[in-house]
4 protein chains.
Amino acid sequence: MIRTTSLAATAAWLPQCRSVTASTATEPLVTPAQGAEPMLQYTPKPLPFDPTTLAGLSEKLMRSHYDNNYLGAVRKLDGVRQRLAETTDDAPGYVLHGLAQGELAFKHSVVLHELYFGGLVGGGSSGSATTALLAERFGGAAAWESRFRALGASLAGGSGWAIVEYDLHERAPRMYTAVDHGQGLSSGIPLLVLDMYEHSYHMDYGTAAARYIDAYLANVHWEEIDRRTERALRLPDGLF
Amino acid sequence: MIRTTSLAATAAWLPQCRSVTASTATEPLVTPAQGAEPMLQYTPKPLPFDPTTLAGLSEKLMRSHYDNNYLGAVRKLDGVRQRLAETTDDAPGYVLHGLAQGELAFKHSVVLHELYFGGLVGGGSSGSATTALLAERFGGAAAWESRFRALGASLAGGSGWAIVEYDLHERAPRMYTAVDHGQGLSSGIPLLVLDMYEHSYHMDYGTAAARYIDAYLANVHWEEIDRRTERALRLPDGLF
Amino acid sequence: MIRTTSLAATAAWLPQCRSVTASTATEPLVTPAQGAEPMLQYTPKPLPFDPTTLAGLSEKLMRSHYDNNYLGAVRKLDGVRQRLAETTDDAPGYVLHGLAQGELAFKHSVVLHELYFGGLVGGGSSGSATTALLAERFGGAAAWESRFRALGASLAGGSGWAIVEYDLHERAPRMYTAVDHGQGLSSGIPLLVLDMYEHSYHMDYGTAAARYIDAYLANVHWEEIDRRTERALRLPDGLF
Amino acid sequence: MIRTTSLAATAAWLPQCRSVTASTATEPLVTPAQGAEPMLQYTPKPLPFDPTTLAGLSEKLMRSHYDNNYLGAVRKLDGVRQRLAETTDDAPGYVLHGLAQGELAFKHSVVLHELYFGGLVGGGSSGSATTALLAERFGGAAAWESRFRALGASLAGGSGWAIVEYDLHERAPRMYTAVDHGQGLSSGIPLLVLDMYEHSYHMDYGTAAARYIDAYLANVHWEEIDRRTERALRLPDGLF
């Protein structure tokens, strides 16, 4: 969820956007084929910060990342949902499964990109709740950060995400690497989301992924990460 | 082996069998290597139904599925976490990433198997909240069930899961297929979880996956699925 | 290539089949869409042994494996190629890529299943060329077999292949595990191909994958494997 | 760093730079653990062209691609083989399988990168055998090129390869996309290999993948591709 105040302050280089509300989300937006899946239509969120203000991450890189990769994922999500709506249940399994896999990947790409952009801020910020939680779990804040950097760096040269999340199943923070948009844990609420696809850094850093991770960490919006952590910790037991 | 005494105490499954509490989960259970990740230790949940009571799913199959595949995933989860705890951050990236991928897969396998077993009951049951939600989204209950069956059947001959979940990002139900344990959507709360790994049905049905899906649907514990749905619908906005 | 005298002796429970010759393979079999890929049409190979004669692998299992999984892959290969032929180059990338991934998976499934079935024989057989090559590379025949069994067993509970091949790039034998049909090494000529999908053994052995590997090894057609090895060793340098 | 003296000796690349000979390849290079797999050690091939001479692909990009991604894959291949040599057969399956998956990915990355670099030349070149083969199969040279470009572009924004190969199983050319280094077809001899990992173009083209594909095609070493095609066509029947 993007902070509306930040949205108001964002340079208006994108049209104002809103997310799908519960009521519209459950209304079929097209007349589907008999037996087919009604389509949702996704409205992208705007970039929640001024891309000229991040230290060590260029405006060109951030705009390209947002315009091409995030908005590209939104367009592909809409497209694959349209195709799912047009596909009947007697289609070959590999067609239905292929579209379902595409929908999962583009949907998760949209979700993770929003969490990535939403977790950055020009000028940086400070926090405490998340750091305390991670320090308790990983043997200190420095030990946590070292492991997180190592996980991110392990994806250099390919595609993937390094994710810190709060797991509702064991009620503990955990970290993992995902090699494509389709991977993820149902019971995890992402807190810190680091995009390690090469489009996240090659323009600025080439293959020097470790320097990109430095820049990422220098721009983390810890106040927002703390809000995510606090919301996750308040979720009730019994979901998993 | 299945603990028969625990099986008798099935009714109180979910509340009783919390595996790791928040307090123990954040305590390192081994003395980790310098800079390494402290290990969690997972306590498996018992099978939450009497495996002699499902129609069309044999006791032999269910016990094998639970004993070998679920408990096997638990053992592997513990093992890979032990190795992660022993691995320092200067290990090669492919070693750290490989272990993180294993941890993700075994953890999600544990989570999904618990949701699968927890969603079955001898004698079946009836529900309404989930069916109403799905009917509204997918153009009727019959249309939803047809699409769900088709998604499950699309995985026949391989490995995977067909999952109905409530997505907190768009606040709408959705369905997808996952080809291995590592796939999933962070923002989705699983409601109905269908295991399509061949170990879920080959002993009873060979390659006749559609007949297995019939049997699965005949044993769904809809009261429990409705509880999952109601809990998911009550979750607050702002997590995604 | 499997057709030998043993093919003639095969119980004629399948119609006589032939493979696609080079001349027909390059002829478009449908009139494709403008800018689309002409389709090939694949003729399945018959089961090259009498399925009643294998020790420890039941006729029911082998017929099901051939009829449902191999012939199923052939049908899906034809289907996905038909769809590729009907898809124009301006289709969304995920559609084209999805079909290309399907074609790769079903094609490799066909190739690997033919190598699997073609490497089995009732009554077993003896060989020497392959064993000598593997013993030299892996520190003895027993060390090779132990590692091969361990690789196969590592796939228990999921889907995959354990493959021994002769690599033309380094001109040495190597082994690997593949987690789905789409994985493989361009420079490798498969010698010994072990199907570890659960449909290969669950009917007979349930989750006891190690006992299935015993049965597989007891039925290996070593004379045929040696022919593969000798052909591979004779291939010229310079391909990789 | 690229060995400039080796670059000068570029003409004799393929014959000169055989990495591991058959005789050394089968000799254990380390004393392995009891029951473990003896290690190979791989000697990288030099960049087979002068990286200042390609049109539209900068020296900086090509040197980075070779130095970091190709040589990085070689280093990781050696490393994972060392670990395999130190791993005994009673290690947990996920450890052995994880290392085997790593070995497959890094090995194939080495093979495909050598075919990619070996298929480029400053100043371009002309050919005929491959084009004729592809035109016959894909309904004309323009239709082939259009489909190849579309397959390559379908991977924009992620990781993968677009590959044209000669398939020995059906004795026909085919094309496919691979989403990571581990995918491939055992029966295919690669002819034209297009790297679509973002590290192949982001430094020069950002997300404009289609312009990178233009540049790639303008620098294809068709004489070398034709040599690959001619060698593949001469391979005997009976391998698949």
# chains A, B, ... in the order shown; residues from 1 in each chain; ligands from 1

$ calpha_fit_rmsd --fixed "chain B" --moving "chain C"
3.4 Å

$ select_by_dssp --residues "region 124-211 of chain A" --states "strand (DSSP E)" --output "list in words"
Trp161, Ala162, Ile163, Val164, Glu165, Tyr166, Asp167, Ala172, Pro173, Arg174, Met175, Tyr176, Thr177, Ala178, Gly188, Ile189, Pro190, Leu191, Leu192, Val193, Leu194 and Asp195 of chain A

$ closest_residue --among "C:Gly157, C:Gly140, C:Gly188, C:Gly238" --to "chain B" --atoms "only C-alpha atoms"
C:Gly157

$ closest_atom_pairs --of "chain A" --to "chain D" --cutoff "8 Å" --atoms "only C-alpha atoms" --output "Markdown table"
| residue | atom | partner | partner_atom | distance |
| --- | --- | --- | --- | --- |
| A:Ser64 | CA | D:Thr207 | CA | 7.4 |
| A:Asn68 | CA | D:Thr207 | CA | 7.0 |
| A:Asn69 | CA | D:Gly157 | CA | 6.6 |
| A:Gly157 | CA | D:Asn69 | CA | 6.6 |
| A:Gly158 | CA | D:Ser159 | CA | 6.2 |
| A:Ser159 | CA | D:Ser159 | CA | 6.1 |
| A:Tyr197 | CA | D:Gly158 | CA | 7.0 |
| A:Glu198 | CA | D:Glu198 | CA | 5.7 |
| A:His199 | CA | D:Glu198 | CA | 6.5 |
| A:His202 | CA | D:His202 | CA | 6.0 |
| A:Met203 | CA | D:Met203 | CA | 5.2 |
| A:Gly206 | CA | D:Met203 | CA | 6.6 |
| A:Thr207 | CA | D:Asn68 | CA | 7.0 |

$ closest_residue --among "A:Asp167, A:Asp226, A:Glu145, A:Asp195" --to "His113 (chain A)" --atoms "only C-alpha atoms"
A:Asp195

$ residues_around --residues "Asp89 (chain C)" --least-positions-apart "2" --cutoff "6 Å" --atoms "only C-alpha atoms" --output "PDB file with N, CA, C and O atoms, in the first residue's frame"
ATOM      1  N   ALA C  91       2.228 -12.069 -31.689  1.00  0.00           N
ATOM      2  CA  ALA C  91       1.570 -12.492 -30.441  1.00  0.00           C
ATOM      3  C   ALA C  91       2.382 -11.977 -29.256  1.00  0.00           C
ATOM      4  O   ALA C  91       3.581 -11.735 -29.382  1.00  0.00           O
TER       5      ALA C  91
ATOM      6  N   ARG D 147      10.476 -15.001 -36.729  1.00  0.00           N
ATOM      7  CA  ARG D 147      10.159 -15.856 -35.575  1.00  0.00           C
ATOM      8  C   ARG D 147      11.310 -15.862 -34.567  1.00  0.00           C
ATOM      9  O   ARG D 147      11.089 -15.827 -33.355  1.00  0.00           O
ATOM     10  N   ALA D 150      11.226 -12.721 -32.640  1.00  0.00           N
ATOM     11  CA  ALA D 150      10.098 -12.728 -31.702  1.00  0.00           C
ATOM     12  C   ALA D 150      10.407 -13.593 -30.479  1.00  0.00           C
ATOM     13  O   ALA D 150      10.072 -13.243 -29.348  1.00  0.00           O
TER      14      ALA D 150
END

$ closest_atom_pairs --of "region 65-179 of chain B" --to "region 103-111 of chain D" --cutoff "12 Å" --atoms "only C-alpha atoms" --output "Markdown table"
| residue | atom | partner | partner_atom | distance |
| --- | --- | --- | --- | --- |
| B:Tyr94 | CA | D:Phe106 | CA | 10.1 |
| B:Val95 | CA | D:Glu103 | CA | 11.5 |
| B:Gly98 | CA | D:Glu103 | CA | 11.8 |

$ write_last_selection --atoms "all heavy atoms" --output "tab-separated table (two decimals), in the first residue's frame"
chain	number	residue	atom	x	y	z
B	94	TYR	N	26.29	-19.71	-5.02
B	94	TYR	CA	25.41	-20.82	-5.41
B	94	TYR	C	25.14	-21.76	-4.24
B	94	TYR	O	24.12	-22.45	-4.23
B	94	TYR	CB	25.98	-21.58	-6.61
B	94	TYR	CG	27.39	-22.08	-6.44
B	94	TYR	CD1	27.64	-23.30	-5.81
B	94	TYR	CD2	28.47	-21.36	-6.91
B	94	TYR	CE1	28.93	-23.76	-5.65
B	94	TYR	CE2	29.76	-21.81	-6.76
B	94	TYR	CZ	29.99	-23.01	-6.13
B	94	TYR	OH	31.26	-23.47	-5.96
B	95	VAL	N	26.04	-21.80	-3.27
B	95	VAL	CA	25.81	-22.64	-2.10
B	95	VAL	C	24.72	-22.01	-1.23
B	95	VAL	O	23.74	-22.66	-0.85
B	95	VAL	CB	27.10	-22.84	-1.30
B	95	VAL	CG1	26.82	-23.50	0.06
B	95	VAL	CG2	28.10	-23.67	-2.09
B	98	GLY	N	21.48	-22.00	-3.14
B	98	GLY	CA	20.94	-23.35	-3.22
B	98	GLY	C	20.24	-23.76	-1.93
B	98	GLY	O	19.16	-24.34	-1.95

$ closest_residue --among "B:Ser126, B:Arg149, B:Arg211, B:Leu233" --to "Asp90 (chain A)" --atoms "only C-alpha atoms"
B:Arg149

$ select_by_dssp --residues "region 44-199 of chain A" --states "alpha helix (DSSP H)" --output "CSV table (one decimal) with N, CA, C and O atoms, in the first residue's frame"
chain,number,residue,atom,x,y,z
A,59,GLU,N,18.2,8.6,-12.0
A,59,GLU,CA,16.9,8.9,-12.4
A,59,GLU,C,16.6,8.0,-13.7
A,59,GLU,O,15.5,7.4,-13.8
A,60,LYS,N,17.5,7.9,-14.6
A,60,LYS,CA,17.4,7.2,-15.8
A,60,LYS,C,17.0,5.7,-15.5
A,60,LYS,O,16.1,5.1,-16.0
A,61,LEU,N,17.8,5.1,-14.5
A,61,LEU,CA,17.6,3.7,-14.1
A,61,LEU,C,16.2,3.6,-13.5
A,61,LEU,O,15.5,2.6,-13.9
A,62,MET,N,15.9,4.4,-12.6
A,62,MET,CA,14.6,4.2,-11.9
A,62,MET,C,13.4,4.4,-12.8
A,62,MET,O,12.4,3.7,-12.7
A,63,ARG,N,13.5,5.4,-13.7
A,63,ARG,CA,12.4,5.6,-14.6
A,63,ARG,C,12.3,4.4,-15.5
A,63,ARG,O,11.2,4.0,-15.9
A,64,SER,N,13.4,3.9,-16.0
A,64,SER,CA,13.4,2.8,-16.9
A,64,SER,C,12.8,1.6,-16.2
A,64,SER,O,12.0,0.8,-16.7
A,71,LEU,N,5.6,-1.3,-15.3
A,71,LEU,CA,4.4,-1.1,-16.1
A,71,LEU,C,4.3,-2.2,-17.2
A,71,LEU,O,3.2,-2.6,-17.6
A,72,GLY,N,5.5,-2.7,-17.6
A,72,GLY,CA,5.4,-3.9,-18.5
A,72,GLY,C,4.7,-5.1,-17.9
A,72,GLY,O,4.0,-5.8,-18.5
A,73,ALA,N,5.1,-5.3,-16.6
A,73,ALA,CA,4.4,-6.4,-15.9
A,73,ALA,C,2.9,-6.2,-15.8
A,73,ALA,O,2.1,-7.1,-15.9
A,74,VAL,N,2.5,-4.9,-15.5
A,74,VAL,CA,1.1,-4.6,-15.4
A,74,VAL,C,0.4,-4.9,-16.8
A,74,VAL,O,-0.7,-5.5,-16.8
A,75,ARG,N,1.0,-4.5,-17.9
A,75,ARG,CA,0.4,-4.7,-19.2
A,75,ARG,C,0.3,-6.2,-19.5
A,75,ARG,O,-0.7,-6.7,-20.0
A,76,LYS,N,1.4,-6.9,-19.1
A,76,LYS,CA,1.3,-8.4,-19.4
A,76,LYS,C,0.3,-9.1,-18.5
A,76,LYS,O,-0.4,-10.0,-18.9
A,77,LEU,N,0.2,-8.6,-17.2
A,77,LEU,CA,-0.8,-9.1,-16.3
A,77,LEU,C,-2.2,-8.9,-16.9
A,77,LEU,O,-3.0,-9.9,-17.0
A,78,ASP,N,-2.5,-7.7,-17.4
A,78,ASP,CA,-3.8,-7.5,-18.1
A,78,ASP,C,-4.0,-8.4,-19.3
A,78,ASP,O,-5.1,-9.0,-19.5
A,79,GLY,N,-2.9,-8.5,-20.1
A,79,GLY,CA,-3.0,-9.3,-21.3
A,79,GLY,C,-3.3,-10.8,-21.0
A,79,GLY,O,-4.1,-11.4,-21.6
A,80,VAL,N,-2.6,-11.3,-20.0
A,80,VAL,CA,-2.7,-12.8,-19.8
A,80,VAL,C,-4.1,-13.0,-19.1
A,80,VAL,O,-4.7,-14.1,-19.4
A,81,ARG,N,-4.6,-12.1,-18.4
A,81,ARG,CA,-5.9,-12.3,-17.8
A,81,ARG,C,-7.0,-12.2,-18.9
A,81,ARG,O,-8.0,-12.9,-18.8
A,82,GLN,N,-6.8,-11.4,-19.8
A,82,GLN,CA,-7.7,-11.3,-21.0
A,82,GLN,C,-7.7,-12.7,-21.7
A,82,GLN,O,-8.8,-13.2,-22.0
A,83,ARG,N,-6.5,-13.3,-21.9
A,83,ARG,CA,-6.5,-14.6,-22.5
A,83,ARG,C,-7.1,-15.7,-21.7
A,83,ARG,O,-7.7,-16.6,-22.2
A,84,LEU,N,-6.9,-15.6,-20.4
A,84,LEU,CA,-7.5,-16.6,-19.5
A,84,LEU,C,-9.0,-16.5,-19.6
A,84,LEU,O,-9.8,-17.5,-19.6
A,85,ALA,N,-9.5,-15.2,-19.7
A,85,ALA,CA,-11.0,-15.0,-19.8
A,85,ALA,C,-11.5,-15.6,-21.1
A,85,ALA,O,-12.7,-16.0,-21.1
A,86,GLU,N,-10.7,-15.7,-22.1
A,86,GLU,CA,-11.1,-16.2,-23.4
A,86,GLU,C,-10.9,-17.6,-23.5
A,86,GLU,O,-11.2,-18.2,-24.6
A,93,GLY,N,-4.4,-28.8,-21.3
A,93,GLY,CA,-3.9,-28.5,-20.0
A,93,GLY,C,-2.7,-27.6,-20.0
A,93,GLY,O,-2.6,-26.7,-19.2
A,94,TYR,N,-1.8,-27.8,-21.0
A,94,TYR,CA,-0.6,-27.0,-21.1
A,94,TYR,C,-0.9,-25.5,-21.4
A,94,TYR,O,-0.2,-24.6,-21.1
A,95,VAL,N,-2.1,-25.3,-22.1
A,95,VAL,CA,-2.5,-23.9,-22.4
A,95,VAL,C,-3.0,-23.2,-21.2
A,95,VAL,O,-2.5,-22.1,-20.8
A,96,LEU,N,-3.9,-23.9,-20.5
A,96,LEU,CA,-4.4,-23.3,-19.3
A,96,LEU,C,-3.3,-23.1,-18.2
A,96,LEU,O,-3.2,-22.1,-17.6
A,97,HIS,N,-2.5,-24.2,-18.0
A,97,HIS,CA,-1.4,-24.1,-17.1
A,97,HIS,C,-0.4,-23.0,-17.5
A,97,HIS,O,0.1,-22.3,-16.6
A,98,GLY,N,-0.1,-22.9,-18.7
A,98,GLY,CA,0.8,-21.9,-19.2
A,98,GLY,C,0.3,-20.5,-18.9
A,98,GLY,O,1.1,-19.6,-18.4
A,99,LEU,N,-1.0,-20.3,-19.1
A,99,LEU,CA,-1.5,-18.9,-18.8
A,99,LEU,C,-1.6,-18.7,-17.3
A,99,LEU,O,-1.3,-17.6,-16.8
A,100,ALA,N,-1.9,-19.8,-16.5
A,100,ALA,CA,-2.0,-19.6,-15.1
A,100,ALA,C,-0.6,-19.3,-14.5
A,100,ALA,O,-0.4,-18.5,-13.6
A,101,GLN,N,0.4,-19.9,-15.1
A,101,GLN,CA,1.8,-19.6,-14.7
A,101,GLN,C,2.2,-18.2,-15.1
A,101,GLN,O,2.9,-17.5,-14.3
A,102,GLY,N,1.8,-17.7,-16.2
A,102,GLY,CA,2.0,-16.4,-16.6
A,102,GLY,C,1.3,-15.4,-15.7
A,102,GLY,O,1.9,-14.4,-15.2
A,103,GLU,N,0.1,-15.7,-15.3
A,103,GLU,CA,-0.7,-14.8,-14.4
A,103,GLU,C,0.0,-14.7,-13.1
A,103,GLU,O,0.2,-13.7,-12.5
A,104,LEU,N,0.5,-15.9,-12.6
A,104,LEU,CA,1.2,-15.9,-11.3
A,104,LEU,C,2.5,-15.0,-11.4
A,104,LEU,O,2.7,-14.2,-10.5
A,105,ALA,N,3.2,-15.2,-12.4
A,105,ALA,CA,4.5,-14.5,-12.5
A,105,ALA,C,4.3,-13.0,-12.7
A,105,ALA,O,4.9,-12.2,-12.0
A,106,PHE,N,3.4,-12.6,-13.5
A,106,PHE,CA,3.2,-11.1,-13.7
A,106,PHE,C,2.5,-10.5,-12.5
A,106,PHE,O,2.9,-9.4,-12.1
A,107,LYS,N,1.6,-11.2,-11.9
A,107,LYS,CA,1.0,-10.7,-10.7
A,107,LYS,C,2.0,-10.5,-9.6
A,107,LYS,O,2.0,-9.5,-8.9
A,108,HIS,N,2.8,-11.6,-9.4
A,108,HIS,CA,3.8,-11.4,-8.3
A,108,HIS,C,4.9,-10.4,-8.7
A,108,HIS,O,5.4,-9.7,-7.8
A,109,SER,N,5.2,-10.2,-9.9
A,109,SER,CA,6.1,-9.2,-10.3
A,109,SER,C,5.5,-7.8,-10.0
A,109,SER,O,6.2,-6.9,-9.5
A,110,VAL,N,4.2,-7.6,-10.2
A,110,VAL,CA,3.6,-6.4,-9.9
A,110,VAL,C,3.6,-6.2,-8.3
A,110,VAL,O,4.0,-5.1,-7.9
A,111,VAL,N,3.3,-7.2,-7.6
A,111,VAL,CA,3.3,-7.1,-6.1
A,111,VAL,C,4.7,-6.7,-5.6
A,111,VAL,O,4.9,-5.8,-4.8
A,112,LEU,N,5.7,-7.5,-6.1
A,112,LEU,CA,7.0,-7.3,-5.6
A,112,LEU,C,7.6,-6.0,-6.0
A,112,LEU,O,8.3,-5.3,-5.2
A,113,HIS,N,7.4,-5.5,-7.2
A,113,HIS,CA,7.8,-4.2,-7.7
A,113,HIS,C,7.2,-3.1,-6.8
A,113,HIS,O,7.9,-2.1,-6.5
A,114,GLU,N,5.9,-3.2,-6.5
A,114,GLU,CA,5.3,-2.2,-5.7
A,114,GLU,C,6.0,-2.2,-4.3
A,114,GLU,O,6.2,-1.1,-3.7
A,115,LEU,N,6.3,-3.3,-3.8
A,115,LEU,CA,6.9,-3.4,-2.5
A,115,LEU,C,8.4,-2.8,-2.5
A,115,LEU,O,8.9,-2.2,-1.6
A,116,TYR,N,9.0,-3.1,-3.7
A,116,TYR,CA,10.4,-2.6,-3.9
A,116,TYR,C,10.4,-1.1,-3.9
A,116,TYR,O,11.1,-0.4,-3.2
A,117,PHE,N,9.6,-0.5,-4.9
A,117,PHE,CA,9.6,0.9,-5.0
A,117,PHE,C,9.0,1.6,-3.7
A,117,PHE,O,9.5,2.6,-3.3
A,118,GLY,N,8.0,1.0,-3.1
A,118,GLY,CA,7.4,1.5,-1.9
A,118,GLY,C,8.4,1.5,-0.7
A,118,GLY,O,8.1,2.2,0.3
A,129,ALA,N,11.8,-0.9,14.5
A,129,ALA,CA,11.0,-2.2,14.8
A,129,ALA,C,11.6,-3.3,14.0
A,129,ALA,O,11.8,-4.4,14.5
A,130,THR,N,11.8,-3.1,12.7
A,130,THR,CA,12.2,-4.2,11.8
A,130,THR,C,13.7,-4.6,12.2
A,130,THR,O,14.0,-5.8,12.3
A,131,THR,N,14.5,-3.6,12.4
A,131,THR,CA,15.9,-4.0,12.8
A,131,THR,C,16.0,-4.8,14.1
A,131,THR,O,16.7,-5.8,14.2
A,132,ALA,N,15.1,-4.4,15.0
A,132,ALA,CA,15.1,-5.2,16.3
A,132,ALA,C,14.7,-6.6,16.1
A,132,ALA,O,15.3,-7.5,16.6
A,133,LEU,N,13.6,-6.8,15.3
A,133,LEU,CA,13.1,-8.1,15.0
A,133,LEU,C,14.2,-8.9,14.3
A,133,LEU,O,14.4,-10.1,14.6
A,134,LEU,N,14.9,-8.4,13.3
A,134,LEU,CA,15.8,-9.1,12.5
A,134,LEU,C,17.1,-9.4,13.4
A,134,LEU,O,17.7,-10.5,13.3
A,135,ALA,N,17.5,-8.4,14.2
A,135,ALA,CA,18.7,-8.6,15.0
A,135,ALA,C,18.4,-9.8,16.0
A,135,ALA,O,19.3,-10.6,16.3
A,136,GLU,N,17.2,-9.8,16.6
A,136,GLU,CA,16.9,-10.9,17.5
A,136,GLU,C,16.9,-12.3,16.8
A,136,GLU,O,17.4,-13.2,17.4
A,137,ARG,N,16.4,-12.3,15.6
A,137,ARG,CA,16.4,-13.6,14.9
A,137,ARG,C,17.7,-14.0,14.3
A,137,ARG,O,18.0,-15.2,14.3
A,138,PHE,N,18.5,-13.1,13.8
A,138,PHE,CA,19.7,-13.5,13.1
A,138,PHE,C,21.0,-13.2,13.8
A,138,PHE,O,22.0,-13.1,13.2
A,141,ALA,N,22.2,-7.1,14.4
A,141,ALA,CA,21.8,-6.4,13.1
A,141,ALA,C,22.9,-6.5,12.1
A,141,ALA,O,22.6,-6.7,10.9
A,142,ALA,N,24.1,-6.6,12.5
A,142,ALA,CA,25.2,-6.7,11.5
A,142,ALA,C,25.2,-8.1,10.9
A,142,ALA,O,25.4,-8.2,9.7
A,143,ALA,N,24.9,-9.1,11.7
A,143,ALA,CA,24.8,-10.5,11.2
A,143,ALA,C,23.7,-10.6,10.2
A,143,ALA,O,23.8,-11.2,9.1
A,144,TRP,N,22.5,-10.0,10.5
A,144,TRP,CA,21.4,-10.0,9.6
A,144,TRP,C,21.8,-9.3,8.3
A,144,TRP,O,21.6,-9.9,7.2
A,145,GLU,N,22.4,-8.1,8.4
A,145,GLU,CA,22.7,-7.4,7.1
A,145,GLU,C,23.7,-8.1,6.3
A,145,GLU,O,23.6,-8.1,5.1
A,146,SER,N,24.7,-8.7,6.9
A,146,SER,CA,25.7,-9.5,6.2
A,146,SER,C,25.0,-10.7,5.4
A,146,SER,O,25.3,-10.9,4.2
A,147,ARG,N,24.1,-11.3,6.1
A,147,ARG,CA,23.4,-12.5,5.4
A,147,ARG,C,22.5,-12.0,4.3
A,147,ARG,O,22.5,-12.6,3.2
A,148,PHE,N,21.9,-10.9,4.5
A,148,PHE,CA,21.0,-10.3,3.5
A,148,PHE,C,21.8,-9.9,2.2
A,148,PHE,O,21.4,-10.2,1.1
A,149,ARG,N,22.9,-9.2,2.5
A,149,ARG,CA,23.8,-8.8,1.4
A,149,ARG,C,24.3,-10.1,0.6
A,149,ARG,O,24.3,-10.1,-0.6
A,150,ALA,N,24.6,-11.1,1.3
A,150,ALA,CA,25.2,-12.3,0.7
A,150,ALA,C,24.1,-13.0,-0.1
A,150,ALA,O,24.3,-13.5,-1.2
A,151,LEU,N,22.8,-13.0,0.4
A,151,LEU,CA,21.7,-13.6,-0.4
A,151,LEU,C,21.5,-12.8,-1.7
A,151,LEU,O,21.3,-13.4,-2.7
A,152,GLY,N,21.5,-11.5,-1.5
A,152,GLY,CA,21.3,-10.7,-2.7
A,152,GLY,C,22.4,-10.9,-3.8
A,152,GLY,O,22.1,-11.1,-4.9
A,153,ALA,N,23.6,-10.9,-3.3
A,153,ALA,CA,24.7,-11.1,-4.2
A,153,ALA,C,24.7,-12.4,-4.8
A,153,ALA,O,25.3,-12.6,-5.9

$ atom_distance --atom1 "CA of Ser187 (chain A)" --atom2 "CA of Pro46 (chain B)"
19.3 Å
